[in-house]
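For reference, structure02.cif is printed below; it contains mmCIF, C-alpha atoms and all ligand atoms.
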```cif
data_target
loop_
_atom_site.label_atom_id
_atom_site.label_comp_id
_atom_site.auth_asym_id
_atom_site.auth_seq_id
_atom_site.Cartn_x
_atom_site.Cartn_y
_atom_site.Cartn_z
CA MET D 1 0.00 0.00 0.00
CA GLN D 2 1.33 3.39 -0.94
CA ARG D 3 0.13 6.84 -0.39
CA ARG D 4 0.79 9.65 -2.81
CA GLY D 5 -0.96 12.97 -2.73
CA ALA D 6 -4.46 12.46 -1.54
CA ILE D 7 -5.04 9.03 -2.99
CA SER D 8 -3.71 5.82 -1.53
CA TYR D 9 -3.39 2.85 -3.81
CA ASP D 10 -2.23 -0.70 -4.02
CA SER D 11 -0.23 -1.32 -7.16
CA SER D 12 -1.61 -4.83 -7.64
CA ASP D 13 -5.21 -3.73 -7.98
CA GLN D 14 -5.47 0.00 -8.21
CA THR D 15 -8.99 0.22 -9.50
CA ALA D 16 -10.22 -2.04 -6.76
CA LEU D 17 -8.62 0.12 -4.16
CA TYR D 18 -9.89 3.31 -5.65
CA ILE D 19 -13.34 1.83 -5.59
CA ARG D 20 -12.91 0.77 -2.00
CA MET D 21 -11.96 4.34 -1.25
CA LEU D 22 -15.18 5.43 -2.79
CA GLY D 23 -16.71 3.31 -0.19
CA ASP D 24 -17.95 0.01 -1.47
CA VAL D 25 -17.21 -3.65 -1.32
CA ARG D 26 -16.78 -5.66 -4.47
CA VAL D 27 -18.83 -8.74 -3.80
CA ARG D 28 -22.36 -8.97 -4.97
CA SER D 29 -25.35 -11.20 -4.60
CA ARG D 30 -28.98 -10.43 -4.48
CA ALA D 31 -30.24 -10.49 -0.93
CA GLY D 32 -33.72 -10.39 0.60
CA PHE D 33 -36.72 -9.50 -1.45
CA GLU D 34 -38.75 -7.62 1.10
CA THR D 35 -40.15 -4.18 0.56
CA GLU D 36 -37.76 -2.00 2.46
CA ARG D 37 -39.35 1.33 2.86
CA ARG D 38 -41.77 0.53 5.63
CA GLY D 39 -39.27 -1.46 7.61
CA SER D 40 -36.35 0.97 7.69
CA HIS D 41 -35.04 0.93 11.18
CA PRO D 42 -31.79 2.77 11.67
CA TYR D 43 -29.68 1.37 14.51
CA ILE D 44 -27.56 4.44 14.31
CA ASP D 45 -29.60 7.47 14.86
CA PHE D 46 -29.58 9.37 11.62
CA ARG D 47 -30.53 12.50 13.48
CA ILE D 48 -26.90 12.89 14.48
CA PHE D 49 -26.31 14.09 10.92
CA HIS D 50 -28.51 17.06 11.45
CA SER D 51 -27.73 17.43 15.08
CA ASN D 52 -28.25 21.12 15.76
CA SER D 53 -31.91 20.97 16.66
CA GLU D 54 -32.52 17.28 17.24
CA ILE D 55 -33.33 15.94 20.68
CA GLU D 56 -34.82 12.88 22.36
CA VAL D 57 -37.77 11.14 20.85
CA SER D 58 -40.92 10.33 22.70
CA VAL D 59 -42.10 6.74 23.02
CA SER D 60 -45.02 7.34 20.71
CA ALA D 61 -42.75 8.78 18.07
CA ARG D 62 -40.47 5.79 18.43
CA ASN D 63 -43.36 3.49 17.64
CA VAL D 64 -44.05 5.44 14.51
CA ARG D 65 -40.42 5.25 13.54
CA ARG D 66 -40.63 1.72 12.25
CA LEU D 67 -43.28 2.75 9.80
CA LEU D 68 -41.31 5.49 8.20
CA SER D 69 -38.39 5.93 5.93
CA PHE D 70 -35.43 7.80 7.42
CA GLN D 71 -36.64 10.99 5.84
CA ARG D 72 -40.23 10.71 6.93
CA TYR D 73 -39.06 9.78 10.38
CA LEU D 74 -37.08 13.00 10.65
CA ARG D 75 -40.01 15.06 9.55
CA SER D 76 -42.57 13.30 11.73
CA SER D 77 -40.36 13.39 14.82
CA ARG D 78 -40.10 17.13 14.38
CA PHE D 79 -43.84 17.22 14.02
CA PHE D 80 -44.37 15.28 17.25
CA ARG D 81 -42.10 17.67 19.05
CA GLY D 82 -43.91 20.67 17.63
CA ILE D 83 -40.95 21.94 15.63
CA THR D 84 -42.07 23.57 12.44
CA VAL D 85 -40.11 23.14 9.26
CA PRO D 86 -40.01 25.90 6.67
CA ASN D 87 -42.97 25.32 4.42
CA SER D 88 -42.05 24.13 0.97
CA SER D 89 -45.53 24.29 -0.48
CA ASN D 90 -45.86 28.01 -0.95
CA ILE D 91 -47.89 28.95 -3.95
CA LEU D 92 -45.62 29.64 -6.85
CA ASP D 93 -45.35 32.97 -8.46
CA ASP D 94 -46.99 32.87 -11.86
CA ASP D 95 -43.79 34.26 -13.20
CA TYR D 96 -41.69 31.44 -11.75
CA ASN D 97 -44.21 28.92 -12.99
CA GLY D 98 -43.99 30.36 -16.48
CA GLN D 99 -40.21 30.26 -16.43
CA ALA D 100 -40.20 26.65 -15.22
CA LYS D 101 -42.58 25.68 -18.03
CA CYS D 102 -40.35 27.48 -20.46
CA MET D 103 -37.34 25.50 -19.25
CA LEU D 104 -39.22 22.23 -19.74
CA GLU D 105 -39.44 22.98 -23.44
CA LYS D 106 -35.68 22.44 -23.50
CA VAL D 107 -35.62 19.44 -21.19
CA GLY D 108 -33.61 17.48 -23.74
CA ASN D 109 -30.73 19.96 -23.79
CA TRP D 110 -27.52 18.77 -22.22
CA ASN D 111 -26.91 22.16 -20.59
CA PHE D 112 -30.28 22.07 -18.80
CA ASP D 113 -29.73 23.84 -15.45
CA ILE D 114 -31.41 21.59 -12.89
CA PHE D 115 -30.47 23.89 -9.99
CA LEU D 116 -32.29 26.80 -11.58
CA PHE D 117 -35.22 24.54 -12.44
CA ASP D 118 -35.40 23.38 -8.84
CA ARG D 119 -35.54 26.98 -7.61
CA LEU D 120 -38.20 27.90 -10.16
CA THR D 121 -40.35 24.94 -9.10
CA ASN D 122 -39.87 25.75 -5.42
CA GLY D 123 -37.95 22.55 -4.72
CA ASN D 124 -40.21 20.32 -6.78
CA SER D 125 -37.85 19.61 -9.66
CA LEU D 126 -38.16 15.83 -9.42
CA VAL D 127 -41.96 15.80 -9.49
CA SER D 128 -42.27 18.44 -12.23
CA LEU D 129 -39.58 17.05 -14.47
CA THR D 130 -40.57 13.39 -14.22
CA PHE D 131 -44.26 14.11 -14.71
CA HIS D 132 -43.40 16.16 -17.77
CA LEU D 133 -41.24 13.37 -19.18
CA PHE D 134 -43.96 10.77 -18.64
CA ASN D 135 -46.24 12.98 -20.65
CA LEU D 136 -43.66 13.78 -23.31
CA HIS D 137 -42.93 10.10 -23.93
CA GLY D 138 -46.64 9.31 -24.16
CA LEU D 139 -46.49 6.96 -21.18
CA ILE D 140 -49.61 8.29 -19.46
CA GLU D 141 -51.67 7.49 -22.49
CA HIS D 142 -49.96 4.27 -23.44
CA PHE D 143 -50.20 2.71 -19.98
CA GLN D 144 -53.50 4.37 -19.13
CA LEU D 145 -52.04 5.97 -16.02
CA ASP D 146 -54.16 7.85 -13.54
CA THR D 147 -52.48 11.27 -13.40
CA MET D 148 -53.49 11.82 -9.78
CA LYS D 149 -51.86 8.55 -8.77
CA LEU D 150 -48.82 9.39 -10.85
CA ARG D 151 -48.42 12.75 -9.19
CA ARG D 152 -48.92 11.23 -5.74
CA PHE D 153 -46.32 8.57 -6.50
CA LEU D 154 -43.82 11.21 -7.63
CA VAL D 155 -44.47 13.36 -4.58
CA MET D 156 -43.80 10.38 -2.32
CA VAL D 157 -40.61 9.64 -4.24
CA GLN D 158 -39.44 13.23 -3.92
CA GLU D 159 -40.27 13.32 -0.21
CA ASP D 160 -38.35 10.15 0.51
CA TYR D 161 -35.15 11.78 -0.67
CA HIS D 162 -33.36 13.57 2.14
CA SER D 163 -33.30 17.27 1.43
CA GLN D 164 -30.65 17.65 4.15
CA ASN D 165 -28.14 15.62 2.12
CA PRO D 166 -25.86 18.02 0.27
CA TYR D 167 -25.65 15.64 -2.71
CA HIS D 168 -27.86 12.56 -2.52
CA ASN D 169 -31.16 14.43 -2.58
CA ALA D 170 -34.09 14.82 -4.98
CA VAL D 171 -32.20 17.33 -7.13
CA HIS D 172 -29.58 14.69 -7.91
CA ALA D 173 -32.40 12.27 -8.78
CA ALA D 174 -33.96 14.89 -11.06
CA ASP D 175 -30.58 15.51 -12.68
CA VAL D 176 -30.07 11.79 -13.33
CA THR D 177 -33.59 11.53 -14.76
CA GLN D 178 -32.93 14.46 -17.09
CA ALA D 179 -29.66 12.88 -18.26
CA MET D 180 -31.44 9.56 -18.78
CA HIS D 181 -33.98 11.33 -20.96
CA CYS D 182 -31.14 12.75 -23.08
CA TYR D 183 -29.74 9.24 -23.56
CA LEU D 184 -33.13 7.73 -24.40
CA LYS D 185 -33.39 10.27 -27.22
CA GLU D 186 -30.12 9.16 -28.80
CA PRO D 187 -30.88 7.69 -32.25
CA LYS D 188 -29.64 4.16 -31.53
CA LEU D 189 -31.86 3.90 -28.47
CA SER D 190 -34.90 5.89 -29.52
CA LYS D 191 -35.52 3.80 -32.60
CA SER D 192 -35.47 0.50 -30.72
CA LEU D 193 -36.92 1.26 -27.28
CA THR D 194 -40.45 0.23 -26.39
CA PRO D 195 -42.73 2.32 -24.14
CA TRP D 196 -42.10 -0.31 -21.47
CA ASP D 197 -38.32 0.32 -21.66
CA VAL D 198 -38.82 4.06 -21.39
CA LEU D 199 -41.19 3.66 -18.45
CA LEU D 200 -38.73 1.49 -16.51
CA SER D 201 -35.82 3.78 -17.33
CA LEU D 202 -37.52 6.91 -16.04
CA ILE D 203 -38.81 5.24 -12.87
CA ALA D 204 -35.41 3.71 -12.16
CA ALA D 205 -33.65 7.04 -12.72
CA ALA D 206 -36.05 8.93 -10.46
CA THR D 207 -35.83 6.36 -7.65
CA HIS D 208 -32.24 5.13 -7.98
CA ASP D 209 -31.02 6.77 -4.72
CA LEU D 210 -34.32 6.76 -2.83
CA ASP D 211 -34.01 7.28 0.94
CA HIS D 212 -30.22 7.64 0.69
CA PRO D 213 -28.93 8.33 4.23
CA GLY D 214 -26.03 10.53 3.07
CA VAL D 215 -23.38 8.05 4.18
CA ASN D 216 -21.81 5.20 2.26
CA GLN D 217 -21.95 1.44 2.62
CA PRO D 218 -18.79 1.03 4.75
CA PHE D 219 -20.31 3.47 7.22
CA LEU D 220 -23.46 1.35 7.46
CA ILE D 221 -21.34 -1.77 7.88
CA LYS D 222 -19.12 -0.38 10.61
CA THR D 223 -22.08 0.97 12.54
CA ASN D 224 -23.85 -2.42 12.29
CA HIS D 225 -26.76 -0.90 10.50
CA TYR D 226 -29.76 -3.16 10.01
CA LEU D 227 -29.66 -2.72 6.24
CA ALA D 228 -26.03 -3.88 6.04
CA THR D 229 -27.03 -7.08 7.83
CA LEU D 230 -30.15 -7.55 5.71
CA TYR D 231 -28.22 -7.26 2.45
CA LYS D 232 -25.14 -9.14 3.68
CA ASN D 233 -22.92 -6.09 3.18
CA THR D 234 -23.55 -6.27 -0.56
CA SER D 235 -24.94 -3.37 -2.63
CA VAL D 236 -26.60 -2.38 0.62
CA LEU D 237 -27.71 1.07 -0.45
CA GLU D 238 -28.74 0.08 -3.97
CA ASN D 239 -30.85 -2.78 -2.64
CA HIS D 240 -32.47 -0.38 -0.22
CA HIS D 241 -33.17 2.20 -2.96
CA TRP D 242 -34.76 -0.50 -5.07
CA ARG D 243 -36.88 -2.00 -2.29
CA SER D 244 -37.94 1.52 -1.28
CA ALA D 245 -39.02 2.19 -4.86
CA VAL D 246 -41.01 -1.04 -4.92
CA GLY D 247 -42.68 -0.04 -1.66
CA LEU D 248 -43.80 3.27 -3.15
CA LEU D 249 -44.94 1.69 -6.41
CA ARG D 250 -47.16 -0.71 -4.49
CA GLU D 251 -48.42 1.94 -2.08
CA SER D 252 -49.34 4.35 -4.86
CA GLY D 253 -51.31 1.74 -6.80
CA LEU D 254 -50.05 3.42 -9.96
CA PHE D 255 -49.92 0.11 -11.81
CA ALA D 256 -52.69 -1.68 -9.93
CA HIS D 257 -54.54 -2.05 -13.24
CA MET D 258 -51.75 -4.15 -14.73
CA SER D 259 -51.45 -7.91 -14.34
CA LEU D 260 -49.53 -9.22 -11.35
CA GLU D 261 -47.08 -10.80 -13.75
CA ASN D 262 -46.29 -7.47 -15.38
CA ARG D 263 -45.97 -5.70 -12.05
CA GLN D 264 -43.52 -8.33 -10.85
CA LEU D 265 -41.56 -8.07 -14.07
CA MET D 266 -41.45 -4.30 -13.66
CA GLU D 267 -40.19 -4.54 -10.07
CA SER D 268 -37.43 -6.93 -10.95
CA GLN D 269 -36.31 -5.00 -14.04
CA ILE D 270 -36.23 -1.75 -12.08
CA GLY D 271 -34.06 -3.64 -9.60
CA ASP D 272 -31.64 -4.65 -12.36
CA LEU D 273 -31.33 -1.03 -13.39
CA ILE D 274 -30.87 0.39 -9.90
CA LEU D 275 -28.41 -2.31 -8.81
CA ALA D 276 -26.28 -1.46 -11.86
CA THR D 277 -25.58 1.94 -10.29
CA ASP D 278 -23.43 0.31 -7.58
CA ILE D 279 -20.12 1.93 -8.49
CA SER D 280 -18.14 -0.97 -7.03
CA GLN D 281 -19.55 -3.15 -9.83
CA GLN D 282 -18.43 -0.83 -12.57
CA ASN D 283 -15.55 -2.98 -13.85
CA GLU D 284 -17.84 -5.95 -14.43
CA TYR D 285 -20.37 -3.90 -16.40
CA LEU D 286 -17.65 -2.07 -18.28
CA SER D 287 -15.82 -5.17 -19.41
CA MET D 288 -19.07 -6.73 -20.58
CA PHE D 289 -19.88 -3.53 -22.48
CA ARG D 290 -16.40 -3.43 -23.99
CA SER D 291 -16.49 -7.01 -25.21
CA HIS D 292 -19.89 -6.49 -26.82
CA LEU D 293 -18.52 -3.43 -28.60
CA ASP D 294 -15.36 -5.27 -29.66
CA ARG D 295 -17.43 -8.10 -31.10
CA GLY D 296 -19.98 -5.71 -32.54
CA ASP D 297 -22.73 -8.09 -31.49
CA LEU D 298 -25.18 -5.78 -29.71
CA CYS D 299 -28.57 -6.26 -31.21
CA LEU D 300 -31.14 -3.83 -29.85
CA GLU D 301 -34.07 -5.87 -31.13
CA ASN D 302 -33.06 -8.29 -28.41
CA ALA D 303 -34.74 -7.26 -25.13
CA ASN D 304 -31.83 -8.52 -23.02
CA HIS D 305 -29.36 -6.44 -24.98
CA ARG D 306 -31.62 -3.42 -24.74
CA HIS D 307 -31.86 -3.76 -21.00
CA PHE D 308 -28.12 -4.10 -20.70
CA ILE D 309 -27.74 -0.83 -22.65
CA LEU D 310 -30.26 0.81 -20.35
CA GLN D 311 -28.20 -0.30 -17.37
CA MET D 312 -25.15 1.33 -18.98
CA ALA D 313 -27.17 4.45 -19.75
CA LEU D 314 -28.33 4.75 -16.14
CA LYS D 315 -24.76 4.26 -14.94
CA CYS D 316 -23.69 7.10 -17.24
CA ALA D 317 -26.56 9.31 -16.08
CA ASP D 318 -25.63 8.67 -12.44
CA ILE D 319 -22.01 9.79 -12.80
CA CYS D 320 -22.37 12.34 -15.59
CA ASN D 321 -21.65 15.38 -13.38
CA PRO D 322 -18.12 15.84 -14.77
CA CYS D 323 -19.57 15.78 -18.31
CA ARG D 324 -21.77 18.83 -17.70
CA THR D 325 -20.70 22.42 -18.22
CA TRP D 326 -18.14 23.67 -15.70
CA GLU D 327 -20.75 25.86 -14.00
CA LEU D 328 -23.00 22.89 -13.24
CA SER D 329 -20.25 20.36 -12.76
CA LYS D 330 -18.41 22.47 -10.20
CA GLN D 331 -21.53 22.80 -8.05
CA TRP D 332 -22.02 19.02 -8.03
CA SER D 333 -18.37 18.51 -7.08
CA GLU D 334 -18.72 20.85 -4.13
CA LYS D 335 -21.90 19.14 -2.97
CA VAL D 336 -20.58 15.60 -3.14
CA THR D 337 -17.40 16.61 -1.31
CA GLU D 338 -19.46 18.32 1.36
CA GLU D 339 -21.35 15.07 1.89
CA PHE D 340 -18.11 13.02 2.07
CA PHE D 341 -16.56 15.47 4.54
CA HIS D 342 -19.71 15.48 6.62
CA GLN D 343 -19.44 11.72 6.95
CA GLY D 344 -15.77 12.12 7.86
CA ASP D 345 -16.69 14.61 10.60
CA ILE D 346 -19.16 12.13 12.12
CA GLU D 347 -16.59 9.34 11.90
CA LYS D 348 -14.08 11.51 13.73
CA LYS D 349 -16.58 12.57 16.36
CA TYR D 350 -17.61 8.99 17.11
CA HIS D 351 -14.11 7.51 16.66
CA LEU D 352 -15.22 5.28 13.81
CA GLY D 353 -12.10 5.74 11.68
CA VAL D 354 -12.35 8.22 8.85
CA SER D 355 -13.28 6.69 5.49
CA PRO D 356 -11.16 7.35 2.41
CA LEU D 357 -12.01 10.62 0.61
CA CYS D 358 -13.88 11.82 3.70
CA ASP D 359 -11.16 13.63 5.62
CA ARG D 360 -11.36 17.37 5.15
CA GLN D 361 -7.86 17.78 6.64
CA THR D 362 -6.14 15.77 3.92
CA GLU D 363 -8.44 15.70 0.88
CA THR D 364 -9.30 18.39 -1.64
CA ILE D 365 -12.15 18.68 -4.11
CA ALA D 366 -9.65 18.83 -6.96
CA ASN D 367 -7.88 15.60 -5.98
CA ILE D 368 -11.12 13.74 -5.46
CA GLN D 369 -12.53 14.93 -8.78
CA ILE D 370 -9.42 14.13 -10.79
CA GLY D 371 -9.35 10.60 -9.36
CA PHE D 372 -13.05 10.12 -9.96
CA MET D 373 -12.81 11.33 -13.57
CA THR D 374 -9.73 9.31 -14.37
CA TYR D 375 -10.77 5.94 -12.96
CA LEU D 376 -14.51 5.91 -13.26
CA VAL D 377 -15.93 8.59 -15.55
CA GLU D 378 -13.48 8.58 -18.47
CA PRO D 379 -13.50 4.80 -18.96
CA LEU D 380 -17.30 4.64 -18.86
CA PHE D 381 -17.95 7.56 -21.19
CA GLY D 382 -15.20 6.46 -23.56
CA GLU D 383 -17.08 3.21 -24.13
CA TRP D 384 -20.43 4.98 -24.28
CA ALA D 385 -19.09 7.16 -27.07
CA ARG D 386 -18.03 4.03 -28.95
CA PHE D 387 -21.56 2.72 -28.63
CA SER D 388 -23.30 5.99 -29.44
CA ASN D 389 -20.96 8.22 -31.36
CA THR D 390 -23.12 11.29 -31.52
CA ARG D 391 -22.80 15.00 -30.95
CA LEU D 392 -24.03 14.53 -27.38
CA SER D 393 -21.28 12.01 -26.65
CA GLN D 394 -18.66 14.34 -28.10
CA THR D 395 -20.07 17.23 -26.06
CA MET D 396 -19.89 15.18 -22.88
CA LEU D 397 -16.31 14.09 -23.56
CA GLY D 398 -15.45 17.70 -24.36
CA HIS D 399 -16.75 18.97 -21.02
CA LEU D 400 -15.06 16.10 -19.23
CA GLY D 401 -11.69 17.06 -20.70
CA LEU D 402 -12.13 20.75 -19.93
CA ASN D 403 -13.38 20.14 -16.40
CA LYS D 404 -10.49 17.85 -15.64
CA ALA D 405 -8.07 20.47 -16.91
CA SER D 406 -9.75 23.06 -14.69
CA TRP D 407 -9.40 20.86 -11.60
CA LYS D 408 -5.78 20.25 -12.50
CA GLY D 409 -5.32 24.00 -12.60
CA VAL D 410 -6.86 24.30 -9.15
CA GLN D 411 -4.68 21.46 -7.91
CA ARG D 412 -1.54 23.18 -9.25
CA GLU D 413 -2.48 26.40 -7.53
CA GLN D 414 -3.12 24.63 -4.25
CA SER D 415 0.06 22.62 -4.29
CA GLY D 416 1.94 25.80 -5.21
CA SER D 417 4.22 23.86 -7.52
CA GLY D 418 4.64 24.30 -11.25
CA ASP D 419 4.22 20.57 -11.85
CA ASP D 420 1.55 19.48 -14.23
CA VAL D 421 -0.10 16.78 -12.12
CA ASP D 422 0.73 14.33 -9.40
CA PRO D 423 2.71 11.66 -11.29
CA THR D 424 0.83 9.01 -9.36
CA PHE D 425 -2.22 9.69 -11.45
CA GLU D 426 -0.29 9.39 -14.67
CA GLU D 427 1.11 6.01 -13.63
CA MET D 428 -2.27 4.74 -12.60
CA ASP D 429 -3.79 6.14 -15.72
CA SER D 430 -1.59 4.16 -18.06
CA ASP D 431 -2.12 0.96 -16.12
CA ILE D 432 -5.84 1.16 -15.91
CA LEU D 433 -6.90 2.88 -19.06
CA PRO D 434 -5.29 1.19 -22.00
CA GLN D 435 -8.32 1.75 -24.18
CA GLU D 436 -9.20 4.65 -26.44
CA PRO D 437 -10.11 7.39 -26.34
CA ARG D 438 -7.66 9.10 -24.06
CA LEU D 439 -8.74 12.47 -22.97
CA SER D 440 -5.85 14.22 -21.36
ZN ZN N 501 -27.06 8.57 -7.75
#
```
Show me the file's structure as structure tokens.
Amino acid sequence: MQRRGAISYDSSDQTALYIRMLGDVRVRSRAGFETERRGSHPYIDFRIFHSNSEIEVSVSARNVRRLLSFQRYLRSSRFFRGITVPNSSNILDDDYNGQAKCMLEKVGNWNFDIFLFDRLTNGNSLVSLTFHLFNLHGLIEHFQLDTMKLRRFLVMVQEDYHSQNPYHNAVHAADVTQAMHCYLKEPKLSKSLTPWDVLLSLIAAATHDLDHPGVNQPFLIKTNHYLATLYKNTSVLENHHWRSAVGLLRESGLFAHMSLENRQLMESQIGDLILATDISQQNEYLSMFRSHLDRGDLCLENANHRHFILQMALKCADICNPCRTWELSKQWSEKVTEEFFHQGDIEKKYHLGVSPLCDRQTETIANIQIGFMTYLVEPLFGEWARFSNTRLSQTMLGHLGLNKASWKGVQREQSGSGDDVDPTFEEMDSDILPQEPRLS
């Protein structure tokens, strides 16, 4: 094990270590098939994350706790204690409403500003955007959806994201859904996708981080969290997001008019999509993708192949932040780092051992971003561009290159040296990324 700059690595399996630093374990199996949302029961008290105003819980509130997701628990416990939360359901200015509608006309643009859209919709970006996309893709009509049920479902989804998380909140989910929409429109996909595929893709994108606690899997494991035990320390969060989504789908009755068989198929296919977003599985997905592309044998008339491509598309959508314009990308970088450092602060406070990338004393945004881009984002988007060599793919790779250069500039300034980059990254780069295209 060596340590250079901010990133420690093991020369025998550098990608594995980098992924472990990002906080996940590499093994995978599919654990329990219970609906998670209603049973969430945090052994660690998630209120410590938002500790300033949180105090003891009454017995009655504790009973309610088992019935609620983390997020709903927080809100209801405040309610029981008579603490009011700033109201998020103010009536929108007509002007704001008009501007939000105007933005939706360009929902397929890669430079769509989700932060602005979220402000214009008064924090309802996920509901507004997803509802609009359902309509745009003709899903309401095709699947005979009850629009009241759809809206209720989307509101529940949005509410089960934790608005206190700097990064893993409903705005991230809305951003991923918007990116997914952009990929669904790509010619190769749009001409072969069925309404069913589009439906699953949008639901999976909107719910892929549902009820995310704002800490990573190793944190849940080392605090003996119930979910880590339930899912045998494997894709713990992703399994929870999926089971939470299933819980909401069932509760909303949105697809109650479909056959049981179809509903079960939908639940399991949404699971396949959400589980693919486990970043610690990236190498497996990427090598499968690469060998399909090398053999040129992807046939999108084949439903299995299509669903594999949708898994890759959702993976891209989930980590596409560095492929956005610098203005947007920089904000995401700051938010994700804030969440990492927040976890690190808790780990320090409770003597849990600070997780990699989470120590604000030793890490910087620039170092974290450069590592992330080099080992995870560039390889994935390089292959995506081979699959779908379009203007969008070139735009994304263009931003990725520019953003990386910007972070390298920041890194140079911070280190105060005239060196280009930490040579560690260059060494790791050549070992891990033999494939084209190279971006730096
Ligand atoms: Zn995500």
Selection as a PDB file with C-alpha atoms, keeping the file's coordinate frame: residues within 9 Å of ligand ZN 501 (chain N) by only C-alpha atoms and all ligand atoms:
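Result written to result.pdb:
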```pdb
ATOM      1  CA  TYR D 167     -25.650  15.640  -2.710  1.00  0.00           C
ATOM      2  CA  HIS D 168     -27.860  12.560  -2.520  1.00  0.00           C
ATOM      3  CA  ASN D 169     -31.160  14.430  -2.580  1.00  0.00           C
ATOM      4  CA  HIS D 172     -29.580  14.690  -7.910  1.00  0.00           C
ATOM      5  CA  ALA D 173     -32.400  12.270  -8.780  1.00  0.00           C
ATOM      6  CA  VAL D 176     -30.070  11.790 -13.330  1.00  0.00           C
ATOM      7  CA  ALA D 205     -33.650   7.040 -12.720  1.00  0.00           C
ATOM      8  CA  HIS D 208     -32.240   5.130  -7.980  1.00  0.00           C
ATOM      9  CA  ASP D 209     -31.020   6.770  -4.720  1.00  0.00           C
ATOM     10  CA  LEU D 210     -34.320   6.760  -2.830  1.00  0.00           C
ATOM     11  CA  THR D 277     -25.580   1.940 -10.290  1.00  0.00           C
ATOM     12  CA  LYS D 315     -24.760   4.260 -14.940  1.00  0.00           C
ATOM     13  CA  ALA D 317     -26.560   9.310 -16.080  1.00  0.00           C
ATOM     14  CA  ASP D 318     -25.630   8.670 -12.440  1.00  0.00           C
ATOM     15  CA  ILE D 319     -22.010   9.790 -12.800  1.00  0.00           C
TER      16      ILE D 319
END
```
Could you put an axis-aligned box around every listed atom of segment 264-275 of chain D, padded by 4 Å on each side, and send me its centre and edge lengths in Å to one decimal, as JSON?
```
{"center_x": -36.0, "center_y": -4.0, "center_z": -11.4, "size_x": 23.1, "size_y": 16.7, "size_z": 13.3}
```
Given the point (-17.6, 16.6, -5.9) in the coordinates of this file, which residues lie within 10 Å, counting all atoms listed in the file, and how would they look as an mmCIF file with C-alpha atoms, in the coordinates of the input?
```
data_model
loop_
_atom_site.group_PDB
_atom_site.id
_atom_site.type_symbol
_atom_site.label_atom_id
_atom_site.label_comp_id
_atom_site.auth_asym_id
_atom_site.auth_seq_id
_atom_site.Cartn_x
_atom_site.Cartn_y
_atom_site.Cartn_z
ATOM 1 C CA TYR D 167 -25.650 15.640 -2.710
ATOM 2 C CA ASN D 321 -21.650 15.380 -13.380
ATOM 3 C CA PRO D 322 -18.120 15.840 -14.770
ATOM 4 C CA SER D 329 -20.250 20.360 -12.760
ATOM 5 C CA LYS D 330 -18.410 22.470 -10.200
ATOM 6 C CA GLN D 331 -21.530 22.800 -8.050
ATOM 7 C CA TRP D 332 -22.020 19.020 -8.030
ATOM 8 C CA SER D 333 -18.370 18.510 -7.080
ATOM 9 C CA GLU D 334 -18.720 20.850 -4.130
ATOM 10 C CA LYS D 335 -21.900 19.140 -2.970
ATOM 11 C CA VAL D 336 -20.580 15.600 -3.140
ATOM 12 C CA THR D 337 -17.400 16.610 -1.310
ATOM 13 C CA GLU D 338 -19.460 18.320 1.360
ATOM 14 C CA GLU D 339 -21.350 15.070 1.890
ATOM 15 C CA PHE D 340 -18.110 13.020 2.070
ATOM 16 C CA THR D 364 -9.300 18.390 -1.640
ATOM 17 C CA ILE D 365 -12.150 18.680 -4.110
ATOM 18 C CA ALA D 366 -9.650 18.830 -6.960
ATOM 19 C CA ASN D 367 -7.880 15.600 -5.980
ATOM 20 C CA ILE D 368 -11.120 13.740 -5.460
ATOM 21 C CA GLN D 369 -12.530 14.930 -8.780
ATOM 22 C CA ILE D 370 -9.420 14.130 -10.790
ATOM 23 C CA PHE D 372 -13.050 10.120 -9.960
#
```
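Going from atom CA of Gln269 of chain D over to atom CA of Leu200 of chain D, you cover 7.4 Å.
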Non-local contacts of Arg386 of chain D (10 Å; only C-alpha atoms; under 3 positions in same chain excluded) as an mmCIF file with C-alpha atoms, in the frame of the given file:
```cif
data_model
loop_
_atom_site.group_PDB
_atom_site.id
_atom_site.type_symbol
_atom_site.label_atom_id
_atom_site.label_comp_id
_atom_site.auth_asym_id
_atom_site.auth_seq_id
_atom_site.Cartn_x
_atom_site.Cartn_y
_atom_site.Cartn_z
ATOM 1 C CA ARG D 290 -16.400 -3.430 -23.990
ATOM 2 C CA LEU D 293 -18.520 -3.430 -28.600
ATOM 3 C CA ASP D 294 -15.360 -5.270 -29.660
ATOM 4 C CA PHE D 381 -17.950 7.560 -21.190
ATOM 5 C CA GLY D 382 -15.200 6.460 -23.560
ATOM 6 C CA GLU D 383 -17.080 3.210 -24.130
ATOM 7 C CA ASN D 389 -20.960 8.220 -31.360
ATOM 8 C CA THR D 390 -23.120 11.290 -31.520
ATOM 9 C CA SER D 393 -21.280 12.010 -26.650
ATOM 10 C CA GLU D 436 -9.200 4.650 -26.440
ATOM 11 C CA PRO D 437 -10.110 7.390 -26.340
#
```
Taking (-51.6, 4.3, -19.6) as a centre in this file's frame and 12 Å as the limit, can you find every polymer residue with an atom that close, using all atoms listed in the file, and give them as a VMD selection string?
chain D and resid 134 to 135 137 to 147 149 to 150 195 to 196 199 254 to 258
Could you tell me which of D:Thr207, D:Asn111, D:Asn224, D:Gln158 comes closest to Ser125 of chain D if we count only C-alpha atoms?
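Nearest candidate to Ser125 of chain D out of D:Thr207, D:Asn111, D:Asn224, D:Gln158: D:Gln158.
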Distance atom CA of Ala170 of chain D-atom CA of Thr395 of chain D, one decimal place?
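Computing it gives 25.4 Å between the two atoms.
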